[in-house]
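In what follows, a structure is listed as C-alpha cells, so that the remarks can point back to it.
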Amino acid sequence: MIGFLLITFRLPQASTMASMVDNLFDFILWTSVISFVGIVFGKLLFLVRFRRKKVPESKTAYITGHTAMEMSVAGILLVWVMVIFYFGWVDYKKLRVAPANSLEINVIAKQWLWEFQYSDGRRLTNELVVPKGRPVKLIMTSQDVLHSFFVPNFRVKQDIIPNTYTSLWFEATQLGEHPIYCAEYCGAAHSGMLAKVKVLEPDDFEAWQVEGSLGPMAALDATANAKVSPAEMGKTLFSTKGCNACHSVDGKTGVGPTFMGVFGHQVELQDGKKVAVDENYVRESVMDPQAKVVKGFQPIMPTFKGQITDEEMSALIAYIKTLKEAVQ
Ligand code: CUA
C-alpha cells in the first residue's frame with residue numbers, strides 16, 4: 001500500500017542522483033514488504049494449523065533448536081544487509097565527491113533566507129540558477145544557526161553549519177523550477193525558509209550569465225550588479241587585511257607559507273601529519289592560526305576571529321583558489 005502510494009506519487013527524478021537513490025530505496029522497501037508479508041502469513045498459517053483441538057492428538061516432540069535453519073536465516077539476513085550496505089556505500093561515494101569540472105557556487109544560509117553567490121560576483125536571494133547537464137558544487141556556510149539544504153527532486157540534502165563549510169553537488173537533468181527547503185529546524189520562520197532551483201539549458205545559462213536575459217529578473221540583477229567577483233574582493237582583502245605582509249602569491253617563502261598553488265594540495269604540518277588545503281583548512285588557519293602550523297614556520301600568526309565576515313572569508317578562499325600557478 002505504502003509502496004503503491006510512493007510509486008504513484010513519486011517526486012520527479014530531476015538529477016543524476018535521483019534514480020540511484022530511488023533504486024536503493026525501492027530495493028529496501030520491496031524486500032521489506034516481501035519479508036513482512038511472509039512473516040505475517042506464516043504466523044497466521046501456523047496459528048490455524050496448530051491450534052488447540054477438542055480431541056487432543058499425540059503431543060509433538062519438544063524441539064530445542066534447528067541449527068541449520070537458524071544459520072541459514074542469519075546468513076540470508078547478513079547477505080541482505082551487505083547488499084544494502086554495498087549499494088549505500090557506492091551511492092554515498094558518488095554523492096560526496098563532486099566531479100572536478102563542477103561549477104562552484106557559494107551558499108550562505110541565514111535566518112531565514114538563502115543567498116547564492118556566483119564566481120562572477122552575481123548574487124541571488126532565494127533563487128539558484130544552474131545549467132542542465134553540468135555538475136554544480138555548492139560550498140555552504142551559515143551565518144547563524146544550523147540549517148539544511150534540501151532539494152527533494154534532486155534527492156540531495158546537506159546540513160549547513162556556522163563557522164565551517166560543507167558542500168554538496170548535483171547534476172540537474174530536468175529543466176524548470178525545483179523547490180529548495182530548509183530541513184533543519186532553525187527558528188520561528190524555519191518553515192518559510194524556501195527557495196527554488198531554476199534549471200536552464202546550457203545556452204540560456206550562458207546568456208543569463210552574460211547579462212540577465214530573463215526579463216524582470218534582469219532589472220533586479222542590474223541593481224545588484226556592482227559585480228565584484230568574490231575572487232576580486234578576496235584579492236583586495238588580501239592586502240587590506242594585511243595577509244600580504246607574510247604570505248606571497250608567487251611561490252616565494254615569507255614569514256608564512258606562500259599561497260601559490262596550495263589550494264587542493266596537501267601540506268605537511270609541524271608534527272609530520274599531512275592535511276589537504278580545502279575551504280575548512282583555510283578558514284581554520286585564519287580564525288585559529290595555531291591549530292595547524294605548516295612545517296618550517298613559526299606559530300606567530302594572529303587570529304582574525306571577529307575581524308572577518310563569512311562573506312569576506314569566502315572571498316579570500318575564492319582568491320586563494322585562483323592562485324594555481326605562478327601569477328603576475
Ligand atoms: Cu533554516 Cu530551517
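A note on labels: chains of the C-alpha cells are A, B, ... as shown, every chain counts residues from 1, and ligands are counted from 1 in their shown order.
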
Cut-off 6 Å: closest chain A/ligand 1 atom pairs per residue, using only C-alpha atoms and all ligand atoms, as JSON lines:
{"residue": "A:Trp112", "atom": "CA", "partner": "ligand 1", "partner_atom_place_in_ligand_line": "1 (Cu)", "distance": 5.9}
{"residue": "A:His147", "atom": "CA", "partner": "ligand 1", "partner_atom_place_in_ligand_line": "1 (Cu)", "distance": 4.1}
{"residue": "A:Cys182", "atom": "CA", "partner": "ligand 1", "partner_atom_place_in_ligand_line": "2 (Cu)", "distance": 4.4}
{"residue": "A:Ala183", "atom": "CA", "partner": "ligand 1", "partner_atom_place_in_ligand_line": "2 (Cu)", "distance": 5.6}
{"residue": "A:Glu184", "atom": "CA", "partner": "ligand 1", "partner_atom_place_in_ligand_line": "2 (Cu)", "distance": 4.4}
{"residue": "A:Tyr185", "atom": "CA", "partner": "ligand 1", "partner_atom_place_in_ligand_line": "2 (Cu)", "distance": 4.2}
{"residue": "A:Cys186", "atom": "CA", "partner": "ligand 1", "partner_atom_place_in_ligand_line": "2 (Cu)", "distance": 4.0}
{"residue": "A:His190", "atom": "CA", "partner": "ligand 1", "partner_atom_place_in_ligand_line": "2 (Cu)", "distance": 3.9}
{"residue": "A:Met193", "atom": "CA", "partner": "ligand 1", "partner_atom_place_in_ligand_line": "1 (Cu)", "distance": 5.7}

List every residue of segment 58-306 of chain A that DSSP, applied to the backbone, labels as strand (DSSP E or B), and write the result as a PyMOL selection string.
chain A and resi 103-110+113-117+123-125+127-131+135-142+147-151+156-160+162+166-172+176-182+195-200+266-269+274-276+294

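Excluding Cys246 of chain A itself and any same-chain residue fewer than 5 positions from it, the protein and nucleic acid residues within 6 Å of it, counting only C-alpha atoms, are Gly254, Val255 and Gly256 of chain A.
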
With only C-alpha atoms as the basis for distance, which of A:Lys53, A:Tyr62, A:Val37, A:Leu24 is at the shortest distance from Ile84 of chain A?
A:Leu24

Considering only helix (DSSP H, G or I) as DSSP defines it on the backbone, what residues of segment 5-246 of chain A qualify? List them as a ChimeraX atom specification.
/A:5-8,18-49,67-96,152-154,190-192,202-210,216-224,230-240,243-245

Sorted by chain and rising residue number, list the residues of segment 71-163 of chain A at most 12 Å from segment 27-31 of chain A (counting only C-alpha atoms), each with its closest atom pair and distance in Å to one decimal, as a tab-separated table.
residue	atom	partner	partner_atom	distance
A:Ile76	CA	A:Thr31	CA	11.9
A:Leu77	CA	A:Thr31	CA	10.9
A:Trp80	CA	A:Thr31	CA	8.8
A:Val81	CA	A:Ile28	CA	9.5
A:Met82	CA	A:Ile28	CA	11.8
A:Val83	CA	A:Phe27	CA	9.8
A:Ile84	CA	A:Ile28	CA	7.4
A:Phe85	CA	A:Ile28	CA	10.8
A:Phe87	CA	A:Phe27	CA	10.1
A:Gly88	CA	A:Ile28	CA	10.8

Residues near Gln290 of chain A, anyone? I mean within 12 Å using only C-alpha atoms, not counting same-chain ones fewer than 6 positions away, as JSON, numbers by chain.
{"A": [269, 270, 281, 284, 297, 298, 299, 300, 301, 302, 303, 304]}

Restricting it to all heavy atoms, dump the selection as a short mmCIF file (atom, residue, chain, number, x, y, z; two decimals), in the first residue's frame.
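What landed in out_39.cif:
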data_model
loop_
_atom_site.label_atom_id
_atom_site.label_comp_id
_atom_site.auth_asym_id
_atom_site.auth_seq_id
_atom_site.Cartn_x
_atom_site.Cartn_y
_atom_site.Cartn_z
N LEU A 269 52.44 19.38 8.26
CA LEU A 269 52.40 20.20 9.48
C LEU A 269 53.62 19.91 10.35
O LEU A 269 54.39 19.00 10.07
CB LEU A 269 51.12 19.89 10.26
CG LEU A 269 49.82 20.05 9.48
CD1 LEU A 269 48.63 19.74 10.36
CD2 LEU A 269 49.70 21.48 8.93
N GLN A 270 53.75 20.71 11.41
CA GLN A 270 54.90 20.56 12.31
C GLN A 270 55.05 19.16 12.87
O GLN A 270 56.16 18.68 13.06
CB GLN A 270 54.74 21.54 13.48
CG GLN A 270 55.28 22.92 13.14
CD GLN A 270 55.11 23.88 14.28
OE1 GLN A 270 54.22 23.73 15.10
NE2 GLN A 270 55.97 24.87 14.33
N TYR A 281 40.16 24.14 5.90
CA TYR A 281 41.52 24.34 6.38
C TYR A 281 41.87 25.84 6.34
O TYR A 281 42.43 26.39 7.28
CB TYR A 281 42.51 23.54 5.53
CG TYR A 281 43.95 23.84 5.86
CD1 TYR A 281 44.57 23.24 6.96
CD2 TYR A 281 44.69 24.75 5.11
CE1 TYR A 281 45.88 23.53 7.29
CE2 TYR A 281 46.01 25.05 5.43
CZ TYR A 281 46.59 24.44 6.52
OH TYR A 281 47.89 24.74 6.84
N GLU A 284 40.01 27.69 9.10
CA GLU A 284 40.59 27.43 10.42
C GLU A 284 41.91 28.17 10.58
O GLU A 284 42.19 28.73 11.64
CB GLU A 284 40.82 25.92 10.60
CG GLU A 284 41.31 25.57 12.00
CD GLU A 284 41.64 24.09 12.15
OE1 GLU A 284 42.19 23.49 11.20
OE2 GLU A 284 41.35 23.54 13.22
N PHE A 297 57.52 26.69 9.79
CA PHE A 297 57.11 28.07 10.08
C PHE A 297 56.82 28.24 11.58
O PHE A 297 56.51 27.27 12.27
CB PHE A 297 55.87 28.43 9.26
CG PHE A 297 56.15 28.50 7.79
CD1 PHE A 297 55.96 27.38 6.98
CD2 PHE A 297 56.65 29.66 7.21
CE1 PHE A 297 56.24 27.43 5.62
CE2 PHE A 297 56.93 29.72 5.85
CZ PHE A 297 56.73 28.61 5.07
N GLN A 298 56.96 29.49 12.04
CA GLN A 298 56.70 29.78 13.45
C GLN A 298 55.21 30.01 13.68
O GLN A 298 54.54 30.57 12.82
CB GLN A 298 57.47 31.05 13.87
CG GLN A 298 58.97 30.92 13.80
CD GLN A 298 59.49 29.88 14.76
OE1 GLN A 298 59.11 29.87 15.92
NE2 GLN A 298 60.32 28.97 14.27
N PRO A 299 54.71 29.60 14.85
CA PRO A 299 53.28 29.83 15.14
C PRO A 299 53.04 31.26 15.61
O PRO A 299 52.73 31.51 16.76
CB PRO A 299 53.00 28.82 16.25
CG PRO A 299 54.31 28.61 16.92
CD PRO A 299 55.39 28.86 15.91
N ILE A 300 53.20 32.21 14.70
CA ILE A 300 53.14 33.62 15.12
C ILE A 300 51.99 34.39 14.51
O ILE A 300 51.81 35.57 14.77
CB ILE A 300 54.46 34.35 14.74
CG1 ILE A 300 54.78 34.06 13.27
CG2 ILE A 300 55.59 33.94 15.66
CD1 ILE A 300 55.94 34.86 12.74
N MET A 301 51.18 33.72 13.68
CA MET A 301 50.11 34.46 13.02
C MET A 301 49.00 34.81 14.01
O MET A 301 48.61 33.98 14.83
CB MET A 301 49.53 33.61 11.88
CG MET A 301 48.33 34.25 11.22
SD MET A 301 47.90 33.44 9.68
CE MET A 301 46.18 33.93 9.55
N PRO A 302 48.52 36.06 13.98
CA PRO A 302 47.41 36.44 14.87
C PRO A 302 46.08 35.89 14.34
O PRO A 302 45.95 35.63 13.16
CB PRO A 302 47.42 37.97 14.80
CG PRO A 302 47.95 38.27 13.44
CD PRO A 302 48.94 37.18 13.12
N THR A 303 45.15 35.75 15.23
CA THR A 303 43.83 35.29 14.78
C THR A 303 43.05 36.44 14.15
O THR A 303 43.28 37.61 14.49
CB THR A 303 43.02 34.71 15.95
OG1 THR A 303 41.70 34.42 15.45
CG2 THR A 303 42.89 35.69 17.09
N PHE A 304 42.17 36.10 13.23
CA PHE A 304 41.31 37.11 12.61
C PHE A 304 39.85 36.94 13.03
O PHE A 304 38.95 37.46 12.39
CB PHE A 304 41.47 37.08 11.09
CG PHE A 304 42.74 37.73 10.62
CD1 PHE A 304 43.95 37.07 10.71
CD2 PHE A 304 42.73 39.03 10.13
CE1 PHE A 304 45.13 37.68 10.31
CE2 PHE A 304 43.90 39.64 9.72
CZ PHE A 304 45.11 38.97 9.81
#

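Near Ser248 of chain A, within 8 Å and counting only C-alpha atoms, sit A:Asn244, A:Ala245, A:Gly251, A:Lys252, A:Thr253, A:Gly254, A:Pro257, A:Thr258, A:Phe259, A:Met260; same-chain residues fewer than 3 positions away were not included.
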
Would you mind exporting N, CA, C and O atoms of the selected residues as a PDB file, in the first residue's frame?
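Dumped everything to result-v1.pdb:
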ATOM      1  N   ASN A 244      49.243  40.033   2.961  1.00  0.00           N
ATOM      2  CA  ASN A 244      50.399  40.105   2.066  1.00  0.00           C
ATOM      3  C   ASN A 244      51.704  40.411   2.792  1.00  0.00           C
ATOM      4  O   ASN A 244      52.779  40.273   2.241  1.00  0.00           O
ATOM      5  N   ALA A 245      51.615  40.828   4.056  1.00  0.00           N
ATOM      6  CA  ALA A 245      52.836  41.101   4.808  1.00  0.00           C
ATOM      7  C   ALA A 245      53.643  39.820   5.010  1.00  0.00           C
ATOM      8  O   ALA A 245      54.865  39.844   5.045  1.00  0.00           O
ATOM      9  N   GLY A 251      54.865  32.141  -4.851  1.00  0.00           N
ATOM     10  CA  GLY A 251      55.694  30.979  -4.546  1.00  0.00           C
ATOM     11  C   GLY A 251      56.871  31.293  -3.629  1.00  0.00           C
ATOM     12  O   GLY A 251      57.512  30.389  -3.117  1.00  0.00           O
ATOM     13  N   LYS A 252      57.170  32.586  -3.414  1.00  0.00           N
ATOM     14  CA  LYS A 252      58.285  32.931  -2.516  1.00  0.00           C
ATOM     15  C   LYS A 252      57.891  32.671  -1.067  1.00  0.00           C
ATOM     16  O   LYS A 252      56.778  32.981  -0.647  1.00  0.00           O
ATOM     17  N   THR A 253      58.810  32.103  -0.307  1.00  0.00           N
ATOM     18  CA  THR A 253      58.536  31.854   1.100  1.00  0.00           C
ATOM     19  C   THR A 253      58.783  33.130   1.898  1.00  0.00           C
ATOM     20  O   THR A 253      59.830  33.768   1.756  1.00  0.00           O
ATOM     21  N   GLY A 254      57.805  33.521   2.681  1.00  0.00           N
ATOM     22  CA  GLY A 254      57.972  34.693   3.531  1.00  0.00           C
ATOM     23  C   GLY A 254      57.957  34.255   4.976  1.00  0.00           C
ATOM     24  O   GLY A 254      58.401  33.155   5.312  1.00  0.00           O
ATOM     25  N   PRO A 257      53.813  30.689   4.833  1.00  0.00           N
ATOM     26  CA  PRO A 257      53.854  29.978   3.557  1.00  0.00           C
ATOM     27  C   PRO A 257      53.228  30.792   2.428  1.00  0.00           C
ATOM     28  O   PRO A 257      52.350  31.611   2.667  1.00  0.00           O
ATOM     29  N   THR A 258      53.686  30.540   1.212  1.00  0.00           N
ATOM     30  CA  THR A 258      53.080  31.198   0.054  1.00  0.00           C
ATOM     31  C   THR A 258      51.687  30.623  -0.195  1.00  0.00           C
ATOM     32  O   THR A 258      51.385  29.503   0.218  1.00  0.00           O
ATOM     33  N   PHE A 259      50.853  31.404  -0.859  1.00  0.00           N
ATOM     34  CA  PHE A 259      49.513  30.916  -1.196  1.00  0.00           C
ATOM     35  C   PHE A 259      49.475  30.335  -2.605  1.00  0.00           C
ATOM     36  O   PHE A 259      48.463  29.800  -3.032  1.00  0.00           O
ATOM     37  N   MET A 260      50.601  30.441  -3.295  1.00  0.00           N
ATOM     38  CA  MET A 260      50.571  29.964  -4.676  1.00  0.00           C
ATOM     39  C   MET A 260      50.497  28.445  -4.735  1.00  0.00           C
ATOM     40  O   MET A 260      51.286  27.740  -4.116  1.00  0.00           O
TER      41      MET A 260
END

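Counting only C-alpha atoms and comparing A:Lys241, A:Lys59, A:Lys305, A:His178, the residue that lies closest to Val197 of chain A is A:His178.
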
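Atom pair atom CA of Gln158 of chain A / atom CA of Gln111 of chain A has a distance of 16.8 Å (rounded to one decimal).
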
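Considering the residues A:Ile34, A:Val129, A:Ala68, A:Val48 and counting only C-alpha atoms, Ala207 of chain A has its shortest atom-to-atom contact with A:Val129.
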
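Note that atom CA of Arg134 of chain A and atom CA of Val107 of chain A are 17.9 Å apart.
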
Judged by only C-alpha atoms, the minimum distance to Gln209 of chain A among A:Asp278, A:Glu115, A:Asp120, A:Glu232 is found for A:Asp120
